[in-house]
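For reference, protein_21.txt (compact mmCIF, N, CA, C and O atoms):
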# COMPACT_ATOMS: atom_id res chain seq x y z
N MET A 1 2.65 6.29 -12.42
CA MET A 1 2.56 5.41 -11.27
C MET A 1 3.98 5.16 -10.75
O MET A 1 4.91 5.03 -11.50
N ALA A 2 4.09 5.04 -9.44
CA ALA A 2 5.39 4.79 -8.81
C ALA A 2 5.87 3.38 -9.14
O ALA A 2 5.09 2.50 -9.48
N ASP A 3 7.19 3.20 -9.02
CA ASP A 3 7.75 1.85 -9.17
C ASP A 3 7.18 1.00 -8.05
O ASP A 3 7.36 1.30 -6.87
N LEU A 4 6.49 -0.07 -8.39
CA LEU A 4 5.81 -0.89 -7.38
C LEU A 4 6.78 -1.59 -6.44
O LEU A 4 6.41 -1.96 -5.34
N GLY A 5 8.03 -1.75 -6.85
CA GLY A 5 9.03 -2.33 -5.97
C GLY A 5 9.39 -1.41 -4.82
O GLY A 5 9.94 -1.85 -3.81
N ASP A 6 9.06 -0.11 -4.97
CA ASP A 6 9.34 0.87 -3.92
C ASP A 6 8.15 1.15 -3.02
O ASP A 6 8.25 1.91 -2.07
N VAL A 7 7.01 0.54 -3.30
CA VAL A 7 5.81 0.76 -2.50
C VAL A 7 6.02 0.20 -1.09
O VAL A 7 6.44 -0.94 -0.93
N GLN A 8 5.76 1.03 -0.09
CA GLN A 8 5.88 0.61 1.31
C GLN A 8 4.70 -0.29 1.67
O GLN A 8 3.56 0.11 1.53
N LEU A 9 4.98 -1.50 2.12
CA LEU A 9 3.95 -2.47 2.45
C LEU A 9 3.73 -2.54 3.96
O LEU A 9 4.61 -2.17 4.74
N PRO A 10 2.56 -3.05 4.37
CA PRO A 10 2.36 -3.33 5.80
C PRO A 10 3.42 -4.33 6.27
O PRO A 10 3.93 -5.12 5.48
N ARG A 11 3.74 -4.31 7.56
CA ARG A 11 4.71 -5.26 8.10
C ARG A 11 4.22 -6.68 7.86
O ARG A 11 3.05 -7.00 8.08
N PHE A 12 5.14 -7.54 7.44
CA PHE A 12 4.84 -8.93 7.10
C PHE A 12 4.09 -9.63 8.24
O PHE A 12 3.11 -10.34 8.02
N GLY A 13 4.55 -9.45 9.46
CA GLY A 13 3.96 -10.13 10.62
C GLY A 13 2.56 -9.68 10.95
O GLY A 13 1.86 -10.35 11.71
N THR A 14 2.10 -8.56 10.39
CA THR A 14 0.74 -8.08 10.66
C THR A 14 -0.26 -8.62 9.66
O THR A 14 -1.46 -8.43 9.82
N LEU A 15 0.22 -9.28 8.61
CA LEU A 15 -0.65 -9.78 7.55
C LEU A 15 -1.17 -11.18 7.87
O LEU A 15 -0.49 -11.97 8.53
N THR A 16 -2.34 -11.50 7.34
CA THR A 16 -2.86 -12.86 7.47
C THR A 16 -2.05 -13.78 6.56
O THR A 16 -1.35 -13.32 5.66
N GLN A 17 -2.18 -15.07 6.76
CA GLN A 17 -1.48 -16.02 5.89
C GLN A 17 -1.93 -15.85 4.44
O GLN A 17 -1.12 -15.97 3.52
N ARG A 18 -3.21 -15.58 4.22
CA ARG A 18 -3.71 -15.39 2.85
C ARG A 18 -3.10 -14.14 2.21
O ARG A 18 -2.79 -14.14 1.03
N GLN A 19 -2.90 -13.08 2.98
CA GLN A 19 -2.25 -11.88 2.45
C GLN A 19 -0.77 -12.16 2.17
O GLN A 19 -0.24 -11.72 1.16
N GLN A 20 -0.12 -12.90 3.05
CA GLN A 20 1.28 -13.25 2.85
C GLN A 20 1.47 -14.10 1.60
O GLN A 20 2.49 -14.02 0.93
N ARG A 21 0.49 -14.92 1.26
CA ARG A 21 0.58 -15.82 0.11
C ARG A 21 0.08 -15.20 -1.19
O ARG A 21 0.09 -15.84 -2.23
N GLY A 22 -0.42 -13.95 -1.12
CA GLY A 22 -0.90 -13.28 -2.33
C GLY A 22 -2.32 -13.66 -2.72
O GLY A 22 -2.76 -13.33 -3.82
N GLN A 23 -3.05 -14.31 -1.84
CA GLN A 23 -4.44 -14.66 -2.13
C GLN A 23 -5.39 -13.52 -1.83
O GLN A 23 -6.45 -13.42 -2.44
N ASP A 24 -5.02 -12.66 -0.88
CA ASP A 24 -5.83 -11.51 -0.49
C ASP A 24 -4.99 -10.24 -0.61
O ASP A 24 -3.76 -10.27 -0.49
N CYS A 25 -5.67 -9.11 -0.82
CA CYS A 25 -5.00 -7.80 -0.92
C CYS A 25 -4.22 -7.51 0.37
O CYS A 25 -4.74 -7.71 1.47
N VAL A 26 -2.99 -7.03 0.23
CA VAL A 26 -2.17 -6.74 1.42
C VAL A 26 -2.73 -5.57 2.23
O VAL A 26 -2.39 -5.43 3.39
N TRP A 27 -3.57 -4.71 1.63
CA TRP A 27 -4.10 -3.57 2.37
C TRP A 27 -5.50 -3.77 2.91
O TRP A 27 -5.76 -3.52 4.06
N CYS A 28 -6.43 -4.24 2.09
CA CYS A 28 -7.82 -4.32 2.56
C CYS A 28 -8.27 -5.75 2.84
O CYS A 28 -9.33 -5.94 3.42
N GLY A 29 -7.50 -6.76 2.42
CA GLY A 29 -7.83 -8.14 2.73
C GLY A 29 -8.86 -8.78 1.82
O GLY A 29 -9.23 -9.93 2.05
N VAL A 30 -9.32 -8.07 0.79
CA VAL A 30 -10.30 -8.66 -0.11
C VAL A 30 -9.66 -9.83 -0.86
O VAL A 30 -8.48 -9.80 -1.18
N THR A 31 -10.44 -10.89 -1.09
CA THR A 31 -9.95 -12.04 -1.84
C THR A 31 -9.74 -11.64 -3.29
O THR A 31 -10.62 -11.03 -3.91
N LEU A 32 -8.58 -11.97 -3.84
CA LEU A 32 -8.22 -11.55 -5.19
C LEU A 32 -8.65 -12.59 -6.21
O LEU A 32 -8.63 -13.78 -5.95
N ALA A 33 -9.05 -12.09 -7.38
CA ALA A 33 -9.47 -12.96 -8.48
C ALA A 33 -8.60 -12.66 -9.70
O ALA A 33 -8.13 -11.53 -9.88
N ALA A 34 -8.37 -13.67 -10.50
CA ALA A 34 -7.55 -13.51 -11.71
C ALA A 34 -8.06 -12.33 -12.53
O ALA A 34 -9.26 -12.15 -12.71
N GLY A 35 -7.13 -11.51 -13.01
CA GLY A 35 -7.47 -10.37 -13.82
C GLY A 35 -7.81 -9.12 -13.04
O GLY A 35 -8.02 -8.05 -13.60
N HIS A 36 -7.88 -9.24 -11.72
CA HIS A 36 -8.25 -8.11 -10.87
C HIS A 36 -7.21 -7.88 -9.78
O HIS A 36 -7.55 -7.50 -8.66
N VAL A 37 -5.94 -8.13 -10.10
CA VAL A 37 -4.87 -8.00 -9.11
C VAL A 37 -3.75 -7.12 -9.64
O VAL A 37 -3.58 -6.95 -10.84
N VAL A 38 -2.99 -6.56 -8.71
CA VAL A 38 -1.78 -5.82 -9.02
C VAL A 38 -0.64 -6.56 -8.32
O VAL A 38 -0.64 -6.70 -7.10
N ASP A 39 0.31 -7.06 -9.11
CA ASP A 39 1.48 -7.74 -8.57
C ASP A 39 2.45 -6.68 -8.08
O ASP A 39 2.88 -5.83 -8.85
N LEU A 40 2.80 -6.71 -6.81
CA LEU A 40 3.68 -5.70 -6.22
C LEU A 40 5.15 -6.08 -6.26
O LEU A 40 5.99 -5.38 -5.69
N GLY A 41 5.46 -7.17 -6.92
CA GLY A 41 6.85 -7.57 -7.07
C GLY A 41 7.38 -8.37 -5.90
O GLY A 41 6.88 -8.27 -4.79
N PRO A 42 8.40 -9.18 -6.15
CA PRO A 42 8.96 -10.01 -5.08
C PRO A 42 9.62 -9.15 -4.00
O PRO A 42 10.20 -8.12 -4.29
N ARG A 43 9.49 -9.61 -2.77
CA ARG A 43 10.09 -8.93 -1.62
C ARG A 43 10.84 -9.95 -0.80
O ARG A 43 10.49 -11.11 -0.72
N ARG A 44 11.88 -9.50 -0.15
CA ARG A 44 12.67 -10.36 0.72
C ARG A 44 12.20 -10.16 2.16
O ARG A 44 11.94 -9.05 2.58
N TYR A 45 12.05 -11.26 2.88
CA TYR A 45 11.66 -11.23 4.29
C TYR A 45 12.74 -11.95 5.09
O TYR A 45 13.10 -13.08 4.76
N ARG A 46 13.25 -11.29 6.11
CA ARG A 46 14.29 -11.88 6.96
C ARG A 46 13.81 -11.90 8.40
O ARG A 46 13.26 -10.94 8.90
N ARG A 47 14.08 -13.04 9.05
CA ARG A 47 13.73 -13.16 10.46
C ARG A 47 14.54 -14.29 11.07
O ARG A 47 14.65 -15.38 10.50
N ALA A 48 15.08 -14.02 12.24
CA ALA A 48 15.79 -15.03 13.04
C ALA A 48 16.83 -15.80 12.24
O ALA A 48 16.93 -17.02 12.32
N GLY A 49 17.60 -15.11 11.42
CA GLY A 49 18.69 -15.74 10.71
C GLY A 49 18.34 -16.43 9.41
O GLY A 49 19.19 -17.03 8.78
N TRP A 50 17.08 -16.40 8.99
CA TRP A 50 16.73 -16.99 7.71
C TRP A 50 16.08 -15.94 6.82
O TRP A 50 15.57 -14.94 7.28
N SER A 51 16.13 -16.20 5.54
CA SER A 51 15.60 -15.26 4.56
C SER A 51 14.75 -16.02 3.55
O SER A 51 15.09 -17.14 3.17
N THR A 52 13.67 -15.40 3.14
CA THR A 52 12.81 -15.99 2.12
C THR A 52 12.25 -14.88 1.24
O THR A 52 12.40 -13.70 1.56
N GLN A 53 11.61 -15.25 0.17
CA GLN A 53 11.00 -14.29 -0.71
C GLN A 53 9.50 -14.46 -0.66
O GLN A 53 9.00 -15.58 -0.53
N TRP A 54 8.78 -13.35 -0.73
CA TRP A 54 7.32 -13.43 -0.82
C TRP A 54 6.86 -12.51 -1.93
O TRP A 54 7.60 -11.66 -2.40
N PHE A 55 5.63 -12.72 -2.38
CA PHE A 55 5.14 -12.06 -3.58
C PHE A 55 3.80 -11.38 -3.28
O PHE A 55 2.73 -11.94 -3.56
N PRO A 56 3.83 -10.19 -2.69
CA PRO A 56 2.60 -9.51 -2.31
C PRO A 56 1.79 -9.06 -3.52
O PRO A 56 2.34 -8.75 -4.58
N ARG A 57 0.47 -9.04 -3.33
CA ARG A 57 -0.43 -8.57 -4.37
C ARG A 57 -1.50 -7.69 -3.75
O ARG A 57 -1.76 -7.76 -2.55
N ALA A 58 -2.10 -6.87 -4.57
CA ALA A 58 -3.13 -5.95 -4.11
C ALA A 58 -4.31 -5.98 -5.07
O ALA A 58 -4.19 -6.41 -6.22
N CYS A 59 -5.45 -5.50 -4.59
CA CYS A 59 -6.61 -5.35 -5.47
C CYS A 59 -6.40 -4.07 -6.30
O CYS A 59 -5.53 -3.26 -6.00
N LYS A 60 -7.18 -3.91 -7.33
CA LYS A 60 -7.01 -2.76 -8.21
C LYS A 60 -7.41 -1.44 -7.56
O LYS A 60 -7.11 -0.38 -8.10
N LYS A 61 -8.03 -1.47 -6.38
CA LYS A 61 -8.33 -0.24 -5.64
C LYS A 61 -7.05 0.36 -5.06
O LYS A 61 -7.01 1.54 -4.75
N HIS A 62 -6.03 -0.47 -4.89
CA HIS A 62 -4.78 -0.04 -4.24
C HIS A 62 -3.56 -0.30 -5.13
O HIS A 62 -2.60 -0.90 -4.68
N PRO A 63 -3.55 0.16 -6.37
CA PRO A 63 -2.45 -0.19 -7.27
C PRO A 63 -1.11 0.42 -6.90
O PRO A 63 -0.07 -0.13 -7.21
N ALA A 64 -1.11 1.57 -6.24
CA ALA A 64 0.15 2.24 -5.90
C ALA A 64 0.42 2.20 -4.41
O ALA A 64 1.33 2.87 -3.94
N GLY A 65 -0.35 1.45 -3.67
CA GLY A 65 -0.09 1.27 -2.25
C GLY A 65 -0.99 2.08 -1.35
O GLY A 65 -1.59 3.06 -1.75
N GLY A 66 -1.04 1.62 -0.13
CA GLY A 66 -1.77 2.31 0.92
C GLY A 66 -3.26 2.07 0.91
O GLY A 66 -3.86 1.83 -0.11
N ALA A 67 -3.83 2.12 2.07
CA ALA A 67 -5.28 1.96 2.20
C ALA A 67 -5.95 3.27 1.83
O ALA A 67 -5.78 4.28 2.48
N ARG A 68 -6.69 3.24 0.76
CA ARG A 68 -7.37 4.46 0.29
C ARG A 68 -8.85 4.25 0.31
O ARG A 68 -9.34 3.20 0.11
In structure tokens, write the structure found in this file.
Amino acid sequence: MADLGDVQLPRFGTLTQRQQRGQDCVWCGVTLAAGHVVDLGPRRYRRAGWSTQWFPRACKKHPAGGAR
């Protein structure tokens, strides 16, 4: 499996708030449940002079990225 920190994610601004918060899969939008998630590692998001970190997650259908 590829290093999950290198997985190309959808653009932050295209995601729902639930996807941005790690409650839903970043690719298919399914609601995530404990034990059925893949942590994609912390990511930095920069916009308009400020920077923050977010923690994307995916369902187990998409462990290495991309909508399959």
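All residues of chain A that DSSP, run on the backbone, classes as strand (DSSP E) are Val37, Val38, Asp39, Arg43, Arg44, Tyr45, Arg46, Arg47, Trp50, Ser51, Thr52, Gln53, Trp54, Arg57, Ala58 and Cys59 of chain A.
For the atom pair formed by CA of Trp27 (chain A) and CA of Pro42 (chain A), the distance is 16.4 Å, given to one decimal.
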Atom pair CA of Thr31 (chain A) / atom C of Gln8 (chain A): separation (Å): 19.1 Å
Just want the 8 Å neighbourhood of region 22-25 of chain A, counted on only C-alpha atoms, with same-chain residues fewer than 6 positions away dropped. Output as a PDB file with N, CA, C and O atoms, in the frame of the given file.
ATOM      1  N   THR A  31     -10.440 -10.890  -1.090  1.00  0.00           N
ATOM      2  CA  THR A  31      -9.950 -12.040  -1.840  1.00  0.00           C
ATOM      3  C   THR A  31      -9.740 -11.640  -3.290  1.00  0.00           C
ATOM      4  O   THR A  31     -10.620 -11.030  -3.910  1.00  0.00           O
ATOM      5  N   LEU A  32      -8.580 -11.970  -3.840  1.00  0.00           N
ATOM      6  CA  LEU A  32      -8.220 -11.550  -5.190  1.00  0.00           C
ATOM      7  C   LEU A  32      -8.650 -12.590  -6.210  1.00  0.00           C
ATOM      8  O   LEU A  32      -8.630 -13.780  -5.950  1.00  0.00           O
ATOM      9  N   PHE A  55       5.630 -12.720  -2.380  1.00  0.00           N
ATOM     10  CA  PHE A  55       5.140 -12.060  -3.580  1.00  0.00           C
ATOM     11  C   PHE A  55       3.800 -11.380  -3.280  1.00  0.00           C
ATOM     12  O   PHE A  55       2.730 -11.940  -3.560  1.00  0.00           O
ATOM     13  N   PRO A  56       3.830 -10.190  -2.690  1.00  0.00           N
ATOM     14  CA  PRO A  56       2.600  -9.510  -2.310  1.00  0.00           C
ATOM     15  C   PRO A  56       1.790  -9.060  -3.520  1.00  0.00           C
ATOM     16  O   PRO A  56       2.340  -8.750  -4.580  1.00  0.00           O
ATOM     17  N   ARG A  57       0.470  -9.040  -3.330  1.00  0.00           N
ATOM     18  CA  ARG A  57      -0.430  -8.570  -4.370  1.00  0.00           C
ATOM     19  C   ARG A  57      -1.500  -7.690  -3.750  1.00  0.00           C
ATOM     20  O   ARG A  57      -1.760  -7.760  -2.550  1.00  0.00           O
ATOM     21  N   ALA A  58      -2.100  -6.870  -4.570  1.00  0.00           N
ATOM     22  CA  ALA A  58      -3.130  -5.950  -4.110  1.00  0.00           C
ATOM     23  C   ALA A  58      -4.310  -5.980  -5.070  1.00  0.00           C
ATOM     24  O   ALA A  58      -4.190  -6.410  -6.220  1.00  0.00           O
ATOM     25  N   CYS A  59      -5.450  -5.500  -4.590  1.00  0.00           N
ATOM     26  CA  CYS A  59      -6.610  -5.350  -5.470  1.00  0.00           C
ATOM     27  C   CYS A  59      -6.400  -4.070  -6.300  1.00  0.00           C
ATOM     28  O   CYS A  59      -5.530  -3.260  -6.000  1.00  0.00           O
TER      29      CYS A  59
END
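When atom C of Ser51 (chain A) is paired with CA of Gly35 (chain A), their separation reads 28.8 Å.
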All residues 4.5 Å or closer to Arg43 (chain A), only N, CA, C and O atoms, same chain fewer than 5 positions away omitted, as a PyMOL selection string: chain A and resi 52-54
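Distances to Arg18 (chain A) were evaluated for A:Arg44, A:Val37, A:Val30, A:His62 using all atoms listed in the file, and the minimum falls at A:Val30.
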Around all the atoms of region 18-33 of chain A listed in the file, with 6 Å of room on each side, what axis-aligned box do you get, giving centre and edge lengths in Å to one decimal, as JSON?
{"center_x": -4.1, "center_y": -9.7, "center_z": -2.8, "size_x": 25.1, "size_y": 24.3, "size_z": 26.1}
Distance criterion (all atoms listed in the file): nearest to Thr16 (chain A) out of A:Gly29, A:Leu40, A:Trp50, A:Lys60: A:Gly29
Which residue of A:Arg21, A:Ala34, A:Val26, A:Arg47 approaches Leu9 (chain A) most closely, using only C-alpha atoms: A:Val26
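Looking only at chain A, the set that DSSP places in alpha helix (DSSP H) from backbone geometry is Gln17, Arg18, Gln19 and Gln20 of chain A.
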Please output region 19-30 of chain A, rebuilt to include all heavy atoms, as a PDB file, in the frame of the given file.
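Below you can see result_8.pdb, which holds the result:
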ATOM      1  N   GLN A  19      -2.900 -13.080   2.980  1.00  0.00           N
ATOM      2  CA  GLN A  19      -2.250 -11.880   2.450  1.00  0.00           C
ATOM      3  C   GLN A  19      -0.770 -12.160   2.170  1.00  0.00           C
ATOM      4  O   GLN A  19      -0.240 -11.720   1.160  1.00  0.00           O
ATOM      5  CB  GLN A  19      -2.390 -10.718   3.424  1.00  0.00           C
ATOM      6  CG  GLN A  19      -3.801 -10.159   3.488  1.00  0.00           C
ATOM      7  CD  GLN A  19      -3.964  -9.171   4.613  1.00  0.00           C
ATOM      8  OE1 GLN A  19      -3.617  -9.457   5.760  1.00  0.00           O
ATOM      9  NE2 GLN A  19      -4.486  -8.012   4.293  1.00  0.00           N
ATOM     10  N   GLN A  20      -0.120 -12.900   3.050  1.00  0.00           N
ATOM     11  CA  GLN A  20       1.280 -13.250   2.850  1.00  0.00           C
ATOM     12  C   GLN A  20       1.470 -14.100   1.600  1.00  0.00           C
ATOM     13  O   GLN A  20       2.490 -14.020   0.930  1.00  0.00           O
ATOM     14  CB  GLN A  20       1.823 -13.999   4.066  1.00  0.00           C
ATOM     15  CG  GLN A  20       1.930 -13.160   5.301  1.00  0.00           C
ATOM     16  CD  GLN A  20       2.269 -13.968   6.534  1.00  0.00           C
ATOM     17  OE1 GLN A  20       2.383 -15.192   6.503  1.00  0.00           O
ATOM     18  NE2 GLN A  20       2.440 -13.286   7.661  1.00  0.00           N
ATOM     19  N   ARG A  21       0.490 -14.920   1.260  1.00  0.00           N
ATOM     20  CA  ARG A  21       0.580 -15.820   0.110  1.00  0.00           C
ATOM     21  C   ARG A  21       0.080 -15.200  -1.190  1.00  0.00           C
ATOM     22  O   ARG A  21       0.090 -15.840  -2.230  1.00  0.00           O
ATOM     23  CB  ARG A  21      -0.231 -17.092   0.391  1.00  0.00           C
ATOM     24  CG  ARG A  21       0.369 -17.914   1.491  1.00  0.00           C
ATOM     25  CD  ARG A  21      -0.474 -19.129   1.761  1.00  0.00           C
ATOM     26  NE  ARG A  21       0.119 -19.911   2.831  1.00  0.00           N
ATOM     27  CZ  ARG A  21      -0.559 -20.667   3.653  1.00  0.00           C
ATOM     28  NH1 ARG A  21      -1.871 -20.766   3.534  1.00  0.00           N
ATOM     29  NH2 ARG A  21       0.057 -21.335   4.599  1.00  0.00           N
ATOM     30  N   GLY A  22      -0.420 -13.950  -1.120  1.00  0.00           N
ATOM     31  CA  GLY A  22      -0.900 -13.280  -2.330  1.00  0.00           C
ATOM     32  C   GLY A  22      -2.320 -13.660  -2.720  1.00  0.00           C
ATOM     33  O   GLY A  22      -2.760 -13.330  -3.820  1.00  0.00           O
ATOM     34  N   GLN A  23      -3.050 -14.310  -1.840  1.00  0.00           N
ATOM     35  CA  GLN A  23      -4.440 -14.660  -2.130  1.00  0.00           C
ATOM     36  C   GLN A  23      -5.390 -13.520  -1.830  1.00  0.00           C
ATOM     37  O   GLN A  23      -6.450 -13.420  -2.440  1.00  0.00           O
ATOM     38  CB  GLN A  23      -4.846 -15.890  -1.307  1.00  0.00           C
ATOM     39  CG  GLN A  23      -4.083 -17.138  -1.677  1.00  0.00           C
ATOM     40  CD  GLN A  23      -4.374 -18.266  -0.710  1.00  0.00           C
ATOM     41  OE1 GLN A  23      -4.118 -18.153   0.482  1.00  0.00           O
ATOM     42  NE2 GLN A  23      -4.901 -19.352  -1.232  1.00  0.00           N
ATOM     43  N   ASP A  24      -5.020 -12.660  -0.880  1.00  0.00           N
ATOM     44  CA  ASP A  24      -5.830 -11.510  -0.490  1.00  0.00           C
ATOM     45  C   ASP A  24      -4.990 -10.240  -0.610  1.00  0.00           C
ATOM     46  O   ASP A  24      -3.760 -10.270  -0.490  1.00  0.00           O
ATOM     47  CB  ASP A  24      -6.306 -11.641   0.961  1.00  0.00           C
ATOM     48  CG  ASP A  24      -7.280 -12.789   1.179  1.00  0.00           C
ATOM     49  OD1 ASP A  24      -7.827 -13.317   0.191  1.00  0.00           O
ATOM     50  OD2 ASP A  24      -7.495 -13.145   2.346  1.00  0.00           O
ATOM     51  N   CYS A  25      -5.670  -9.110  -0.820  1.00  0.00           N
ATOM     52  CA  CYS A  25      -5.000  -7.800  -0.920  1.00  0.00           C
ATOM     53  C   CYS A  25      -4.220  -7.510   0.370  1.00  0.00           C
ATOM     54  O   CYS A  25      -4.740  -7.710   1.470  1.00  0.00           O
ATOM     55  CB  CYS A  25      -6.048  -6.720  -1.160  1.00  0.00           C
ATOM     56  SG  CYS A  25      -5.383  -5.040  -1.186  1.00  0.00           S
ATOM     57  N   VAL A  26      -2.990  -7.030   0.230  1.00  0.00           N
ATOM     58  CA  VAL A  26      -2.170  -6.740   1.420  1.00  0.00           C
ATOM     59  C   VAL A  26      -2.730  -5.570   2.230  1.00  0.00           C
ATOM     60  O   VAL A  26      -2.390  -5.430   3.390  1.00  0.00           O
ATOM     61  CB  VAL A  26      -0.681  -6.484   1.088  1.00  0.00           C
ATOM     62  CG1 VAL A  26       0.002  -7.727   0.592  1.00  0.00           C
ATOM     63  CG2 VAL A  26      -0.505  -5.333   0.146  1.00  0.00           C
ATOM     64  N   TRP A  27      -3.570  -4.710   1.630  1.00  0.00           N
ATOM     65  CA  TRP A  27      -4.100  -3.570   2.370  1.00  0.00           C
ATOM     66  C   TRP A  27      -5.500  -3.770   2.910  1.00  0.00           C
ATOM     67  O   TRP A  27      -5.760  -3.520   4.060  1.00  0.00           O
ATOM     68  CB  TRP A  27      -4.058  -2.302   1.517  1.00  0.00           C
ATOM     69  CG  TRP A  27      -2.666  -1.784   1.427  1.00  0.00           C
ATOM     70  CD1 TRP A  27      -1.957  -1.143   2.411  1.00  0.00           C
ATOM     71  CD2 TRP A  27      -1.785  -1.910   0.332  1.00  0.00           C
ATOM     72  NE1 TRP A  27      -0.689  -0.877   1.972  1.00  0.00           N
ATOM     73  CE2 TRP A  27      -0.563  -1.324   0.694  1.00  0.00           C
ATOM     74  CE3 TRP A  27      -1.910  -2.449  -0.935  1.00  0.00           C
ATOM     75  CZ2 TRP A  27       0.525  -1.262  -0.158  1.00  0.00           C
ATOM     76  CZ3 TRP A  27      -0.834  -2.386  -1.790  1.00  0.00           C
ATOM     77  CH2 TRP A  27       0.372  -1.804  -1.393  1.00  0.00           C
ATOM     78  N   CYS A  28      -6.430  -4.240   2.090  1.00  0.00           N
ATOM     79  CA  CYS A  28      -7.820  -4.320   2.560  1.00  0.00           C
ATOM     80  C   CYS A  28      -8.270  -5.750   2.840  1.00  0.00           C
ATOM     81  O   CYS A  28      -9.330  -5.940   3.420  1.00  0.00           O
ATOM     82  CB  CYS A  28      -8.763  -3.641   1.569  1.00  0.00           C
ATOM     83  SG  CYS A  28      -8.930  -4.474  -0.021  1.00  0.00           S
ATOM     84  N   GLY A  29      -7.500  -6.760   2.420  1.00  0.00           N
ATOM     85  CA  GLY A  29      -7.830  -8.140   2.730  1.00  0.00           C
ATOM     86  C   GLY A  29      -8.860  -8.780   1.820  1.00  0.00           C
ATOM     87  O   GLY A  29      -9.230  -9.930   2.050  1.00  0.00           O
ATOM     88  N   VAL A  30      -9.320  -8.070   0.790  1.00  0.00           N
ATOM     89  CA  VAL A  30     -10.300  -8.660  -0.110  1.00  0.00           C
ATOM     90  C   VAL A  30      -9.660  -9.830  -0.860  1.00  0.00           C
ATOM     91  O   VAL A  30      -8.480  -9.800  -1.180  1.00  0.00           O
ATOM     92  CB  VAL A  30     -10.859  -7.599  -1.102  1.00  0.00           C
ATOM     93  CG1 VAL A  30      -9.820  -7.144  -2.090  1.00  0.00           C
ATOM     94  CG2 VAL A  30     -12.075  -8.121  -1.837  1.00  0.00           C
TER      95      VAL A  30
END
